[in-house]
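Undergrad: Would you mind keeping the following structure in view while I ask a few things?
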Amino acid sequence: MAKVTRDDVARLAGTSTAVVSYVINNGPRPVAPATRERVLAAIKELGYRPDRVAQAMASRRTDLIGLIVPDARQPFFAEMAHAVEQAASERGKMVLVGNSDYVGEREVHYLRAFLGMRVSGLILVSHALNDLAAAEIDAWDARVVLLHERPEAIDDVAVVLDDVAGARAAVAHLLEHGYAYVACVGGTADTPAVGDPVSDHVEGWRQAMTDAGLPTEGRVFEAPYNRYDAYRIGLEILSGPNRPPAVFCSTDDQAIGLLRAARELRIDVPGELGVAGFDDIKEAALTDPPLTTVASDRSGMARAAVDLVLDDGLRVAGSRRERVKVFPTSLVTRRSCGCE
């Protein structure tokens, strides 16, 4: 059977091939509703399938969006990637995902690979965007939207949370339950001090403690973001001579590891230890006890990032127009803090 071409569709619909192209690509010129219906009917009747490779070569853009995350194995980033994929699908795009593993060189690798593939845009969840990665973005004159994190190395379009306010609310809530003070599990020594959500969570903790007239010195513990390392560090924190009465963890994964350590040490939560996390991953409702945490509208954030990365007005006169969309957080109270 001969391959159906765009010329075949145009002949059957009684239009030009340019009009067929406008219908398939939703532009760049408008098509009258009746004409559009004729073209769509001809496409269906002939079984026409557009050549996406040819389209990409002609437009120098593909129907792909690149998404770089630190680690898709972590539930938060897995849920965020799924939300981005859903939002992109609604716009007729597909998503390519790369994991930087918190390594700057891998981030640059995926930046070069995705931008070299002429993706329609790139959404970047960067742990610590370095100068080389920032230069790579500038060199490609690329459409890039920062999601969740806003590294200091690049001042660009971003979709982020009000992380400080969320953490502050969670710690204040723990203190309202009567715990003498709240310790904090933050990030690692290489966690960026600026533009990183975990650093903002520590800052929110610090503000809540200061609001309550409580000292913060010596009450921040370093830990990787995953539950496995947090469990190991949790054992050290909770078995020490100065066990804190309550702990705020900068991620839910850390809190899950800490809860496991408390259970192993036979520490009652929340009777002897209050715990709160941040992210409200799905597993937070299934921990024992269920975890009090800070929630975000990940679907809304993903949709905003996709809309921004596909927005033709993202660049004005060759220079980036700064757009930072800040989403609010909400406190989800469960039994780990003392709520019923």
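Chain identifiers are assigned as A, B, and so on, following the order in which chains appear in the structure tokens; residues are numbered from 1 within each chain, and ligands are numbered from 1 in order of appearance.
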Mind checking which residues fall within 9 Å of stretch 36-40 of chain A, counting only C-alpha atoms, ignoring those fewer than 4 positions away in the same chain, and posting them as a PDB file with C-alpha atoms, in the first residue's frame?
TA:
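Just written: part36.pdb:
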ATOM      1  CA  VAL A   9      -5.078  14.771   2.395  1.00  0.00           C
ATOM      2  CA  ALA A  10      -5.160  18.181   0.692  1.00  0.00           C
ATOM      3  CA  LEU A  12      -9.451  14.899  -0.583  1.00  0.00           C
ATOM      4  CA  ALA A  13     -10.217  17.892   1.632  1.00  0.00           C
ATOM      5  CA  GLY A  14     -10.107  20.352  -1.279  1.00  0.00           C
ATOM      6  CA  THR A  15      -7.476  22.546   0.365  1.00  0.00           C
ATOM      7  CA  VAL A  19      -3.806  24.459   5.233  1.00  0.00           C
ATOM      8  CA  VAL A  20      -3.345  20.779   6.105  1.00  0.00           C
ATOM      9  CA  VAL A  23      -4.471  22.023  11.031  1.00  0.00           C
ATOM     10  CA  ILE A  24      -1.923  19.376  12.026  1.00  0.00           C
ATOM     11  CA  VAL A  31      -8.111  27.748   9.823  1.00  0.00           C
ATOM     12  CA  ALA A  32     -11.876  28.175   9.448  1.00  0.00           C
ATOM     13  CA  LYS A  44      -9.204   9.968   9.353  1.00  0.00           C
ATOM     14  CA  GLU A  45     -10.469   8.493   6.089  1.00  0.00           C
TER      15      GLU A  45
END
Undergrad: Name the residues in contact with A:Glu272 at a cut-off of 9 Å, using only C-alpha atoms, excluding same-chain residues fewer than 3 positions from it; report them as a PDB file with C-alpha atoms, in the first residue's frame.
TA:
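Saved file selection.pdb follows:
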ATOM      1  CA  PRO A 245      11.653  15.714  71.941  1.00  0.00           C
ATOM      2  CA  ALA A 246      10.558  16.457  68.358  1.00  0.00           C
ATOM      3  CA  ILE A 267      10.478   5.124  71.005  1.00  0.00           C
ATOM      4  CA  ASP A 268       6.779   5.959  70.987  1.00  0.00           C
ATOM      5  CA  VAL A 269       5.702   8.422  68.322  1.00  0.00           C
TER       6      VAL A 269
END
Undergrad: Give me every strand (DSSP E) residue in stretch 229-283 of chain A, going by DSSP on the backbone, as an NGL selection string.
TA: :A and (246-249 or 274-276)
Undergrad: Those same residues - N, CA and C atoms - I'd like them written as a short mmCIF file (atom, residue, chain, number, x, y, z; two decimals), in the first residue's frame.
TA:
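Listing of selection_0.cif after writing:
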data_model
loop_
_atom_site.label_atom_id
_atom_site.label_comp_id
_atom_site.auth_asym_id
_atom_site.auth_seq_id
_atom_site.Cartn_x
_atom_site.Cartn_y
_atom_site.Cartn_z
N ALA A 246 11.27 16.41 69.63
CA ALA A 246 10.56 16.46 68.36
C ALA A 246 11.56 16.75 67.25
N VAL A 247 11.26 16.28 66.04
CA VAL A 247 12.16 16.48 64.90
C VAL A 247 11.35 16.89 63.68
N PHE A 248 11.81 17.93 63.03
CA PHE A 248 11.29 18.31 61.72
C PHE A 248 12.28 17.87 60.66
N CYS A 249 11.82 17.06 59.71
CA CYS A 249 12.68 16.58 58.63
C CYS A 249 12.40 17.37 57.36
N GLY A 274 7.85 13.71 68.66
CA GLY A 274 7.02 14.26 67.60
C GLY A 274 7.81 14.33 66.30
N VAL A 275 7.17 14.04 65.19
CA VAL A 275 7.87 14.04 63.90
C VAL A 275 7.00 14.72 62.84
N ALA A 276 7.63 15.55 62.02
CA ALA A 276 6.96 16.15 60.86
C ALA A 276 7.92 16.15 59.69
#
Undergrad: Please identify which residues in stretch 136-224 of chain A DSSP calls alpha helix (DSSP H) from the backbone, and express them as a PyMOL selection string.
TA: chain A and resi 136-140+163-176+197-211
Undergrad: Taking only residues of stretch 145-202 of chain A that have an atom at most 12 Å from an atom of stretch 237-240 of chain A, what is each one's shortest atom pair and its distance in Å to one decimal, using only C-alpha atoms, in chain and number order, as CSV?
TA:
residue,atom,partner,partner_atom,distance
A:Ala183,CA,A:Ile237,CA,9.8
A:Cys184,CA,A:Ile237,CA,10.6
A:Val185,CA,A:Ile237,CA,9.7
Undergrad: Would you output that residue set with N, CA and C atoms, as a short mmCIF file (atom, residue, chain, number, x, y, z; two decimals), in the first residue's frame?
TA:
data_model
loop_
_atom_site.label_atom_id
_atom_site.label_comp_id
_atom_site.auth_asym_id
_atom_site.auth_seq_id
_atom_site.Cartn_x
_atom_site.Cartn_y
_atom_site.Cartn_z
N ALA A 183 14.18 19.69 66.91
CA ALA A 183 15.42 19.58 66.15
C ALA A 183 15.09 19.54 64.66
N CYS A 184 16.11 19.70 63.83
CA CYS A 184 15.89 19.74 62.38
C CYS A 184 16.87 18.81 61.67
N VAL A 185 16.35 17.99 60.78
CA VAL A 185 17.18 17.20 59.88
C VAL A 185 17.22 17.95 58.55
#
Undergrad: Using only C-alpha atoms for the distances, tell me which of A:Leu147, A:Gly66, A:Ala83, A:Met209 is nearest to A:Phe114.
TA: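 Once distances to A:Phe114 are computed over only C-alpha atoms, the minimum belongs to A:Gly66.
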Undergrad: Could you name the residues that touch A:Cys339 at 9 Å or less, counting only C-alpha atoms, but leaving out those on the same chain fewer than 6 positions away, as a PyMOL selection string?
TA: chain A and resi 177+270+292+333
Undergrad: Considering only C-alpha atoms, can you say which of A:Val194, A:Ala261, A:Ala158, A:Val202 comes closest to A:Glu236?
TA: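 Checking each candidate against A:Glu236, we get A:Ala261 as the closest.
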Undergrad: Env of A:Asp63: 7 Å cut, atoms = only C-alpha atoms, seq-sep filter 2 positions within chain, self excluded. Answer as an NGL selection string.
TA: :A and (61 or 65 or 93-94 or 119-120)
Undergrad: In Å, rounded to a single decimal, give me how far atom CA of A:Glu222 is from atom CA of A:Thr191.
TA: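 Distance between the two atoms: 9.7 Å.
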Undergrad: From the options A:Val171, A:Val69, A:Ala165, A:Leu291, which residue's atoms come nearest to A:Glu149, counting only C-alpha atoms?
TA: A:Val69
Undergrad: Hey, can you check how far atom CA of A:Ser199 sits from atom CA of A:Gly186?
TA: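 It comes out at 7.2 Å.
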Undergrad: Which residues, written as a PyMOL selection string, have at least one atom at most 10 Å from A:Thr329, with only C-alpha atoms counted and residues fewer than 4 positions away on the same chain left out?
TA: chain A and resi 161-167+169+278-279+294-297
Undergrad: Restricted to N, CA, C and O atoms, what would the selected residues look like written as a PDB file, in the first residue's frame?
TA:
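Saved to again_9.pdb:
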ATOM      1  N   LEU A 161       7.989  26.658  45.317  1.00  0.00           N
ATOM      2  CA  LEU A 161       7.107  26.698  46.480  1.00  0.00           C
ATOM      3  C   LEU A 161       7.547  27.796  47.440  1.00  0.00           C
ATOM      4  O   LEU A 161       8.709  28.205  47.444  1.00  0.00           O
ATOM      5  N   ASP A 162       6.632  28.199  48.311  1.00  0.00           N
ATOM      6  CA  ASP A 162       6.999  29.048  49.435  1.00  0.00           C
ATOM      7  C   ASP A 162       7.508  28.121  50.534  1.00  0.00           C
ATOM      8  O   ASP A 162       6.816  27.836  51.520  1.00  0.00           O
ATOM      9  N   ASP A 163       8.726  27.605  50.352  1.00  0.00           N
ATOM     10  CA  ASP A 163       9.272  26.575  51.230  1.00  0.00           C
ATOM     11  C   ASP A 163       9.495  27.066  52.652  1.00  0.00           C
ATOM     12  O   ASP A 163       9.271  26.321  53.615  1.00  0.00           O
ATOM     13  N   VAL A 164       9.941  28.293  52.794  1.00  0.00           N
ATOM     14  CA  VAL A 164      10.210  28.822  54.132  1.00  0.00           C
ATOM     15  C   VAL A 164       8.931  28.857  54.953  1.00  0.00           C
ATOM     16  O   VAL A 164       8.890  28.407  56.110  1.00  0.00           O
ATOM     17  N   ALA A 165       7.856  29.376  54.375  1.00  0.00           N
ATOM     18  CA  ALA A 165       6.586  29.480  55.102  1.00  0.00           C
ATOM     19  C   ALA A 165       6.045  28.107  55.464  1.00  0.00           C
ATOM     20  O   ALA A 165       5.497  27.904  56.560  1.00  0.00           O
ATOM     21  N   GLY A 166       6.193  27.137  54.550  1.00  0.00           N
ATOM     22  CA  GLY A 166       5.694  25.794  54.825  1.00  0.00           C
ATOM     23  C   GLY A 166       6.409  25.146  55.993  1.00  0.00           C
ATOM     24  O   GLY A 166       5.780  24.556  56.894  1.00  0.00           O
ATOM     25  N   ALA A 167       7.733  25.237  56.002  1.00  0.00           N
ATOM     26  CA  ALA A 167       8.511  24.658  57.095  1.00  0.00           C
ATOM     27  C   ALA A 167       8.226  25.377  58.411  1.00  0.00           C
ATOM     28  O   ALA A 167       8.099  24.745  59.465  1.00  0.00           O
ATOM     29  N   ALA A 169       5.502  26.797  59.356  1.00  0.00           N
ATOM     30  CA  ALA A 169       4.194  26.383  59.862  1.00  0.00           C
ATOM     31  C   ALA A 169       4.258  25.003  60.505  1.00  0.00           C
ATOM     32  O   ALA A 169       3.635  24.751  61.549  1.00  0.00           O
ATOM     33  N   PHE A 278       8.199  17.041  55.084  1.00  0.00           N
ATOM     34  CA  PHE A 278       7.875  18.037  54.058  1.00  0.00           C
ATOM     35  C   PHE A 278       7.781  17.332  52.717  1.00  0.00           C
ATOM     36  O   PHE A 278       8.668  16.571  52.354  1.00  0.00           O
ATOM     37  N   ASP A 279       6.703  17.536  52.001  1.00  0.00           N
ATOM     38  CA  ASP A 279       6.457  17.069  50.619  1.00  0.00           C
ATOM     39  C   ASP A 279       5.097  16.409  50.468  1.00  0.00           C
ATOM     40  O   ASP A 279       4.506  16.458  49.398  1.00  0.00           O
ATOM     41  N   VAL A 294       4.076  18.773  55.048  1.00  0.00           N
ATOM     42  CA  VAL A 294       3.706  19.979  54.305  1.00  0.00           C
ATOM     43  C   VAL A 294       3.431  19.586  52.855  1.00  0.00           C
ATOM     44  O   VAL A 294       4.278  18.974  52.200  1.00  0.00           O
ATOM     45  N   ALA A 295       2.245  19.927  52.383  1.00  0.00           N
ATOM     46  CA  ALA A 295       1.821  19.523  51.038  1.00  0.00           C
ATOM     47  C   ALA A 295       1.977  20.659  50.039  1.00  0.00           C
ATOM     48  O   ALA A 295       1.988  21.842  50.407  1.00  0.00           O
ATOM     49  N   SER A 296       2.108  20.257  48.775  1.00  0.00           N
ATOM     50  CA  SER A 296       2.180  21.233  47.688  1.00  0.00           C
ATOM     51  C   SER A 296       1.308  20.761  46.534  1.00  0.00           C
ATOM     52  O   SER A 296       0.994  19.581  46.426  1.00  0.00           O
ATOM     53  N   ASP A 297       0.944  21.688  45.690  1.00  0.00           N
ATOM     54  CA  ASP A 297       0.136  21.374  44.509  1.00  0.00           C
ATOM     55  C   ASP A 297       1.078  20.988  43.367  1.00  0.00           C
ATOM     56  O   ASP A 297       1.395  21.801  42.499  1.00  0.00           O
TER      57      ASP A 297
END
Undergrad: What is the distance, in Å and to one decimal place, between atom CA of A:Tyr110 and atom CA of A:Pro197?
TA: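 Between atom CA of A:Tyr110 and atom CA of A:Pro197 the gap works out to 22.1 Å.
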